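K.L.:
Below is a structure I'd like to ask you about.
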Amino acid sequence: MKVIVFYESRSGNTELAARHIGGICESLGVDTSVRSVRSGDYSGIPEADLIFLGTWVDGGFYWGQRAGGRRALLQLPGLWDKPTSLFATYAVNPGKMMDRFADWATRKLGIMPLTGQAFHRNRLPEGVEDFVVRSLEAVGATVDWGV
Ligand SMILES: Cc1cc2nc3c(=O)[nH]c(=O)nc-3n(C[C@H](O)[C@H](O)[C@H](O)COP(=O)(O)O)c2cc1C
């Protein structure tokens, strides 16, 4: 099982979420790479069984929330029909950002959206483990904690 975690992050919160996701994948024995979408390293996508793609919530805090950093995310090559779990970090209220992010990433990057979750920036890593397990199971992985 191969996983790539791509993230876009201005102030580090989404990068931290990405690193938590990557750490949990690795602890489960999954071959994992964590990279900024700005890194220019897009190798391994064809072989990946699952992509995680994350960014930050941009909006008016109580209205109009959508995916931040869309220009940076568009540096990714097309992820045509790649099973992709989306994540985001936010400060106050993600609103409908995750639905919009899924629509946008499907149209612009060609992903196959599996699941998605927004994480409060101050509560990480709360919920990350469940999100990772849900995502791995969605692509048919059997999650064994080795206990
Ligand atoms: C321009 C701008 C707009 C934002 N709009 C929202 C918003 O509408 N709702 C919200 O909950 N957080 C909003 N935030 C907060 C960020 O989503 C949050 O701090 C996030 O964790 C930043 O991630 P990063 O550290 O990876 O850049 C906004 C931040 C910026 C810079």
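Every chain in the structure tokens takes a letter, A first, then B, and so on in the order presented; its residues are numbered from 1, and the ligands are numbered from 1 following the presented order.
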Need to verify the contact set: Thr14 (chain A), 6 Å, only C-alpha atoms, exclusion of same-chain residues closer than 5 positions in sequence. Can you return it as a ChimeraX atom specification?
P.N.:
/A:9,55,89
K.L.:
Could you list, as a VMD selection string, all residues that come within 8 Å of ligand 1? Count only C-alpha atoms and all ligand atoms.
P.N.:
chain A and resid 8 to 16 55 to 66 68 88 to 95 120 to 121
K.L.:
Taking C-alpha atoms for each residue, export the selection above as an mmCIF file, in the first residue's frame.
P.N.:
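This went into part02.cif:
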data_model
loop_
_atom_site.group_PDB
_atom_site.id
_atom_site.type_symbol
_atom_site.label_atom_id
_atom_site.label_comp_id
_atom_site.auth_asym_id
_atom_site.auth_seq_id
_atom_site.Cartn_x
_atom_site.Cartn_y
_atom_site.Cartn_z
ATOM 1 C CA GLU A 8 -0.870 23.450 0.977
ATOM 2 C CA SER A 9 -0.128 25.489 4.095
ATOM 3 C CA ARG A 10 0.527 29.178 4.779
ATOM 4 C CA SER A 11 1.238 29.149 8.480
ATOM 5 C CA GLY A 12 1.950 25.504 9.221
ATOM 6 C CA ASN A 13 -1.334 24.125 10.583
ATOM 7 C CA THR A 14 -2.219 22.100 7.499
ATOM 8 C CA GLU A 15 1.372 20.903 7.274
ATOM 9 C CA LEU A 16 1.080 19.688 10.866
ATOM 10 C CA THR A 55 -5.398 22.837 2.502
ATOM 11 C CA TRP A 56 -6.667 25.626 4.741
ATOM 12 C CA VAL A 57 -10.135 27.162 4.961
ATOM 13 C CA ASP A 58 -10.406 30.555 3.282
ATOM 14 C CA GLY A 59 -13.460 32.753 3.620
ATOM 15 C CA GLY A 60 -15.279 35.295 5.684
ATOM 16 C CA PHE A 61 -15.083 33.095 8.802
ATOM 17 C CA TYR A 62 -18.909 32.814 8.995
ATOM 18 C CA TRP A 63 -19.672 32.835 5.264
ATOM 19 C CA GLY A 64 -18.259 31.902 1.880
ATOM 20 C CA GLN A 65 -15.753 29.342 3.147
ATOM 21 C CA ARG A 66 -13.804 27.577 0.393
ATOM 22 C CA GLY A 68 -7.544 28.264 0.323
ATOM 23 C CA ALA A 88 -8.447 20.976 5.813
ATOM 24 C CA THR A 89 -7.609 23.019 8.863
ATOM 25 C CA TYR A 90 -9.681 25.956 10.065
ATOM 26 C CA ALA A 91 -9.821 28.497 12.880
ATOM 27 C CA VAL A 92 -13.505 29.122 13.550
ATOM 28 C CA ASN A 93 -15.982 27.499 11.204
ATOM 29 C CA PRO A 94 -15.390 25.519 7.995
ATOM 30 C CA GLY A 95 -18.974 26.009 6.787
ATOM 31 C CA HIS A 120 -9.737 22.690 14.045
ATOM 32 C CA ARG A 121 -6.203 24.087 14.025
#
K.L.:
Please determine, counting only C-alpha atoms, which residue among A:Ser135, A:Ser39, A:Ser85, A:Ser33 has the shortest atom-to-atom distance to Ile111 (chain A).
P.N.:
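Answer, going by the shortest atom-to-atom distance: A:Ser85.
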K.L.:
Which residues in region 21-146 of chain A does DSSP call strand (DSSP E)? List them as an mmCIF file with N, CA and C atoms, in the first residue's frame.
P.N.:
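Below is the file that was written, selection36.cif:
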data_model
loop_
_atom_site.group_PDB
_atom_site.id
_atom_site.type_symbol
_atom_site.label_atom_id
_atom_site.label_comp_id
_atom_site.auth_asym_id
_atom_site.auth_seq_id
_atom_site.Cartn_x
_atom_site.Cartn_y
_atom_site.Cartn_z
ATOM 1 N N ASP A 31 3.633 2.541 3.161
ATOM 2 C CA ASP A 31 4.717 3.298 2.516
ATOM 3 C C ASP A 31 4.179 4.715 2.236
ATOM 4 N N THR A 32 4.711 5.717 2.963
ATOM 5 C CA THR A 32 4.085 7.033 2.980
ATOM 6 C C THR A 32 5.071 8.147 2.651
ATOM 7 N N SER A 33 4.631 9.113 1.858
ATOM 8 C CA SER A 33 5.439 10.295 1.574
ATOM 9 C C SER A 33 4.568 11.525 1.833
ATOM 10 N N VAL A 34 5.105 12.513 2.566
ATOM 11 C CA VAL A 34 4.374 13.748 2.888
ATOM 12 C C VAL A 34 5.072 14.905 2.191
ATOM 13 N N ARG A 35 4.347 15.665 1.362
ATOM 14 C CA ARG A 35 4.978 16.735 0.572
ATOM 15 C C ARG A 35 4.070 17.947 0.417
ATOM 16 N N SER A 36 4.688 19.113 0.390
ATOM 17 C CA SER A 36 3.950 20.322 0.014
ATOM 18 C C SER A 36 3.597 20.244 -1.475
ATOM 19 N N LEU A 50 -3.570 5.617 -2.643
ATOM 20 C CA LEU A 50 -4.420 6.600 -1.973
ATOM 21 C C LEU A 50 -3.633 7.903 -1.852
ATOM 22 N N ILE A 51 -4.323 9.005 -2.148
ATOM 23 C CA ILE A 51 -3.722 10.331 -1.956
ATOM 24 C C ILE A 51 -4.524 11.032 -0.848
ATOM 25 N N PHE A 52 -3.823 11.714 0.036
ATOM 26 C CA PHE A 52 -4.470 12.674 0.931
ATOM 27 C C PHE A 52 -4.120 14.052 0.391
ATOM 28 N N LEU A 53 -5.115 14.923 0.329
ATOM 29 C CA LEU A 53 -4.877 16.274 -0.182
ATOM 30 C C LEU A 53 -5.507 17.277 0.783
ATOM 31 N N GLY A 54 -4.659 18.175 1.315
ATOM 32 C CA GLY A 54 -5.173 19.084 2.332
ATOM 33 C C GLY A 54 -4.816 20.531 2.072
ATOM 34 N N THR A 55 -5.671 21.406 2.557
ATOM 35 C CA THR A 55 -5.398 22.837 2.502
ATOM 36 C C THR A 55 -6.127 23.534 3.658
ATOM 37 N N TRP A 56 -6.073 24.839 3.658
ATOM 38 C CA TRP A 56 -6.667 25.626 4.741
ATOM 39 C C TRP A 56 -7.993 26.233 4.285
ATOM 40 N N VAL A 57 -8.825 26.567 5.255
ATOM 41 C CA VAL A 57 -10.135 27.162 4.961
ATOM 42 C C VAL A 57 -9.973 28.665 4.776
ATOM 43 N N ASP A 58 -10.474 29.131 3.644
ATOM 44 C CA ASP A 58 -10.406 30.555 3.282
ATOM 45 C C ASP A 58 -11.831 31.076 3.168
ATOM 46 N N ARG A 66 -14.214 28.440 1.509
ATOM 47 C CA ARG A 66 -13.804 27.577 0.393
ATOM 48 C C ARG A 66 -12.336 27.206 0.578
ATOM 49 N N ALA A 67 -11.858 26.387 -0.371
ATOM 50 C CA ALA A 67 -10.477 25.913 -0.238
ATOM 51 C C ALA A 67 -9.513 27.068 -0.444
ATOM 52 N N PRO A 83 -8.088 7.668 -6.011
ATOM 53 C CA PRO A 83 -8.834 7.758 -4.751
ATOM 54 C C PRO A 83 -8.154 8.767 -3.821
ATOM 55 N N THR A 84 -8.893 9.781 -3.418
ATOM 56 C CA THR A 84 -8.303 10.902 -2.677
ATOM 57 C C THR A 84 -9.171 11.263 -1.478
ATOM 58 N N SER A 85 -8.535 11.337 -0.328
ATOM 59 C CA SER A 85 -9.204 11.827 0.880
ATOM 60 C C SER A 85 -8.780 13.261 1.110
ATOM 61 N N LEU A 86 -9.761 14.109 1.313
ATOM 62 C CA LEU A 86 -9.480 15.540 1.463
ATOM 63 C C LEU A 86 -9.495 15.933 2.928
ATOM 64 N N PHE A 87 -8.625 16.873 3.285
ATOM 65 C CA PHE A 87 -8.645 17.400 4.649
ATOM 66 C C PHE A 87 -8.326 18.882 4.618
ATOM 67 N N ALA A 88 -8.689 19.536 5.707
ATOM 68 C CA ALA A 88 -8.447 20.976 5.813
ATOM 69 C C ALA A 88 -8.245 21.318 7.275
ATOM 70 N N THR A 89 -7.618 22.477 7.510
ATOM 71 C CA THR A 89 -7.609 23.019 8.863
ATOM 72 C C THR A 89 -8.302 24.377 8.839
ATOM 73 N N TYR A 90 -8.919 24.713 9.976
ATOM 74 C CA TYR A 90 -9.681 25.956 10.065
ATOM 75 C C TYR A 90 -9.523 26.542 11.464
ATOM 76 N N MET A 112 -10.910 11.195 -7.435
ATOM 77 C CA MET A 112 -12.100 10.462 -7.013
ATOM 78 C C MET A 112 -12.214 10.675 -5.503
ATOM 79 N N PRO A 113 -13.138 11.539 -5.061
ATOM 80 C CA PRO A 113 -13.176 11.843 -3.623
ATOM 81 C C PRO A 113 -13.700 10.667 -2.810
ATOM 82 N N LEU A 114 -12.958 10.324 -1.743
ATOM 83 C CA LEU A 114 -13.354 9.200 -0.895
ATOM 84 C C LEU A 114 -14.100 9.682 0.333
ATOM 85 N N THR A 115 -13.444 10.569 1.052
ATOM 86 C CA THR A 115 -14.002 11.082 2.296
ATOM 87 C C THR A 115 -13.285 12.396 2.579
ATOM 88 N N GLY A 116 -13.756 13.115 3.569
ATOM 89 C CA GLY A 116 -13.099 14.383 3.868
ATOM 90 C C GLY A 116 -13.352 14.800 5.297
ATOM 91 N N GLN A 117 -12.420 15.564 5.841
ATOM 92 C CA GLN A 117 -12.611 16.061 7.200
ATOM 93 C C GLN A 117 -11.869 17.368 7.409
ATOM 94 N N ALA A 118 -12.547 18.289 8.095
ATOM 95 C CA ALA A 118 -11.895 19.544 8.487
ATOM 96 C C ALA A 118 -11.492 19.434 9.950
ATOM 97 N N PHE A 119 -10.281 19.858 10.260
ATOM 98 C CA PHE A 119 -9.741 19.774 11.617
ATOM 99 C C PHE A 119 -9.528 21.178 12.170
ATOM 100 N N HIS A 120 -10.003 21.402 13.391
ATOM 101 C CA HIS A 120 -9.737 22.690 14.045
ATOM 102 C C HIS A 120 -8.235 22.806 14.313
#
K.L.:
Where does DSSP see alpha helix (DSSP H) in chain A, if you list the residues as JSON, numbers by chain?
P.N.:
{"A": [13, 14, 15, 16, 17, 18, 19, 20, 21, 22, 23, 24, 25, 26, 27, 70, 71, 72, 73, 97, 98, 99, 100, 101, 102, 103, 104, 105, 106, 107, 108, 109, 128, 129, 130, 131, 132, 133, 134, 135, 136, 137, 138]}
K.L.:
Please, could you write that set of residues out with N, CA and C atoms as a short mmCIF file (atom, residue, chain, number, x, y, z; two decimals), in the first residue's frame?
P.N.:
data_model
loop_
_atom_site.label_atom_id
_atom_site.label_comp_id
_atom_site.auth_asym_id
_atom_site.auth_seq_id
_atom_site.Cartn_x
_atom_site.Cartn_y
_atom_site.Cartn_z
N ASN A 13 -0.34 25.01 9.96
CA ASN A 13 -1.33 24.12 10.58
C ASN A 13 -1.67 22.93 9.69
N THR A 14 -1.86 23.20 8.40
CA THR A 14 -2.22 22.10 7.50
C THR A 14 -1.02 21.18 7.29
N GLU A 15 0.18 21.76 7.33
CA GLU A 15 1.37 20.90 7.27
C GLU A 15 1.42 19.98 8.49
N LEU A 16 1.09 20.52 9.66
CA LEU A 16 1.08 19.69 10.87
C LEU A 16 0.06 18.56 10.73
N ALA A 17 -1.14 18.90 10.24
CA ALA A 17 -2.17 17.87 10.03
C ALA A 17 -1.64 16.81 9.07
N ALA A 18 -0.98 17.25 7.99
CA ALA A 18 -0.43 16.32 7.00
C ALA A 18 0.60 15.40 7.65
N ARG A 19 1.42 15.95 8.55
CA ARG A 19 2.46 15.13 9.19
C ARG A 19 1.84 14.14 10.17
N HIS A 20 0.77 14.54 10.83
CA HIS A 20 0.05 13.57 11.68
C HIS A 20 -0.52 12.44 10.83
N ILE A 21 -1.12 12.79 9.71
CA ILE A 21 -1.69 11.77 8.82
C ILE A 21 -0.59 10.82 8.35
N GLY A 22 0.54 11.40 7.92
CA GLY A 22 1.65 10.59 7.45
C GLY A 22 2.20 9.68 8.54
N GLY A 23 2.30 10.22 9.75
CA GLY A 23 2.84 9.43 10.87
C GLY A 23 1.95 8.24 11.19
N ILE A 24 0.64 8.46 11.15
CA ILE A 24 -0.28 7.35 11.44
C ILE A 24 -0.20 6.30 10.34
N CYS A 25 -0.13 6.74 9.10
CA CYS A 25 0.01 5.78 7.99
C CYS A 25 1.28 4.94 8.18
N GLU A 26 2.38 5.63 8.49
CA GLU A 26 3.65 4.89 8.66
C GLU A 26 3.57 3.91 9.82
N SER A 27 2.91 4.33 10.89
CA SER A 27 2.82 3.43 12.06
C SER A 27 1.99 2.20 11.73
N ARG A 70 -5.84 27.75 -3.74
CA ARG A 70 -6.23 26.96 -4.93
C ARG A 70 -5.18 27.06 -6.05
N ARG A 71 -4.55 28.21 -6.16
CA ARG A 71 -3.54 28.35 -7.21
C ARG A 71 -2.37 27.38 -6.97
N ALA A 72 -1.98 27.26 -5.71
CA ALA A 72 -0.90 26.30 -5.40
C ALA A 72 -1.36 24.86 -5.66
N LEU A 73 -2.60 24.57 -5.29
CA LEU A 73 -3.10 23.20 -5.49
C LEU A 73 -3.12 22.84 -6.97
N MET A 97 -17.08 24.36 3.33
CA MET A 97 -15.81 24.28 2.60
C MET A 97 -15.51 22.89 2.09
N MET A 98 -15.72 21.84 2.89
CA MET A 98 -15.30 20.50 2.46
C MET A 98 -16.10 20.05 1.23
N ASP A 99 -17.38 20.38 1.19
CA ASP A 99 -18.18 20.02 0.00
C ASP A 99 -17.67 20.77 -1.22
N ARG A 100 -17.38 22.04 -1.04
CA ARG A 100 -16.87 22.85 -2.16
C ARG A 100 -15.50 22.36 -2.62
N PHE A 101 -14.68 22.00 -1.66
CA PHE A 101 -13.33 21.50 -1.96
C PHE A 101 -13.45 20.21 -2.79
N ALA A 102 -14.36 19.32 -2.38
CA ALA A 102 -14.53 18.06 -3.12
C ALA A 102 -14.99 18.33 -4.55
N ASP A 103 -15.95 19.24 -4.71
CA ASP A 103 -16.44 19.58 -6.07
C ASP A 103 -15.30 20.16 -6.91
N TRP A 104 -14.60 21.10 -6.31
CA TRP A 104 -13.53 21.80 -7.03
C TRP A 104 -12.42 20.83 -7.43
N ALA A 105 -11.97 20.00 -6.49
CA ALA A 105 -10.85 19.09 -6.77
C ALA A 105 -11.26 18.01 -7.78
N THR A 106 -12.53 17.66 -7.79
CA THR A 106 -13.00 16.68 -8.78
C THR A 106 -12.97 17.31 -10.17
N ARG A 107 -13.45 18.54 -10.25
CA ARG A 107 -13.49 19.23 -11.56
C ARG A 107 -12.11 19.60 -12.06
N LYS A 108 -11.28 20.16 -11.18
CA LYS A 108 -10.01 20.73 -11.62
C LYS A 108 -8.86 19.73 -11.63
N LEU A 109 -8.88 18.76 -10.71
CA LEU A 109 -7.76 17.83 -10.61
C LEU A 109 -8.14 16.41 -11.01
N VAL A 128 -7.73 12.69 13.79
CA VAL A 128 -6.90 12.34 12.62
C VAL A 128 -6.81 10.83 12.43
N GLU A 129 -6.68 10.12 13.56
CA GLU A 129 -6.53 8.67 13.46
C GLU A 129 -7.76 8.02 12.80
N ASP A 130 -8.94 8.41 13.24
CA ASP A 130 -10.18 7.85 12.66
C ASP A 130 -10.26 8.18 11.18
N PHE A 131 -9.88 9.40 10.84
CA PHE A 131 -9.92 9.83 9.43
C PHE A 131 -8.99 8.97 8.57
N VAL A 132 -7.79 8.71 9.09
CA VAL A 132 -6.82 7.90 8.33
C VAL A 132 -7.34 6.48 8.16
N VAL A 133 -7.85 5.90 9.24
CA VAL A 133 -8.35 4.52 9.17
C VAL A 133 -9.52 4.43 8.19
N ARG A 134 -10.43 5.40 8.27
CA ARG A 134 -11.58 5.43 7.35
C ARG A 134 -11.11 5.50 5.90
N SER A 135 -10.09 6.31 5.66
CA SER A 135 -9.58 6.49 4.30
C SER A 135 -8.90 5.22 3.79
N LEU A 136 -8.07 4.60 4.65
CA LEU A 136 -7.39 3.37 4.23
C LEU A 136 -8.39 2.26 3.96
N GLU A 137 -9.40 2.17 4.82
CA GLU A 137 -10.40 1.12 4.63
C GLU A 137 -11.21 1.35 3.36
N ALA A 138 -11.37 2.60 2.98
CA ALA A 138 -12.13 2.92 1.76
C ALA A 138 -11.42 2.42 0.50
#
K.L.:
So, with only C-alpha atoms as the atoms that count, which of A:Gly110, A:Pro125, A:Gly140, A:Pro77 lies closest to Val37 (chain A)?
P.N.:
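So, comparing all the options, the nearest one is A:Pro77.
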K.L.:
Hey, can you check how far CA of Asp144 (chain A) sits from CA of Tyr7 (chain A)?
P.N.:
26.0 Å
K.L.:
Go ahead and compute the interatomic distance for CA of Lys82 (chain A) and CA of Ala48 (chain A), in Å to one decimal.
P.N.:
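Calculated distance between CA of Lys82 (chain A) and CA of Ala48 (chain A) is 8.1 Å.
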K.L.:
Just the number, please: distance in Å from CA of Val30 (chain A) to CA of Asn122 (chain A), one decimal.
P.N.:
26.9 Å
K.L.:
Looking at A:Gln75, A:Thr142, A:Arg123, A:Asp41, which one is nearest to Val5 (chain A), with distances taken over only C-alpha atoms?
P.N.:
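Checking each candidate against Val5 (chain A), we get A:Asp41 as the closest.
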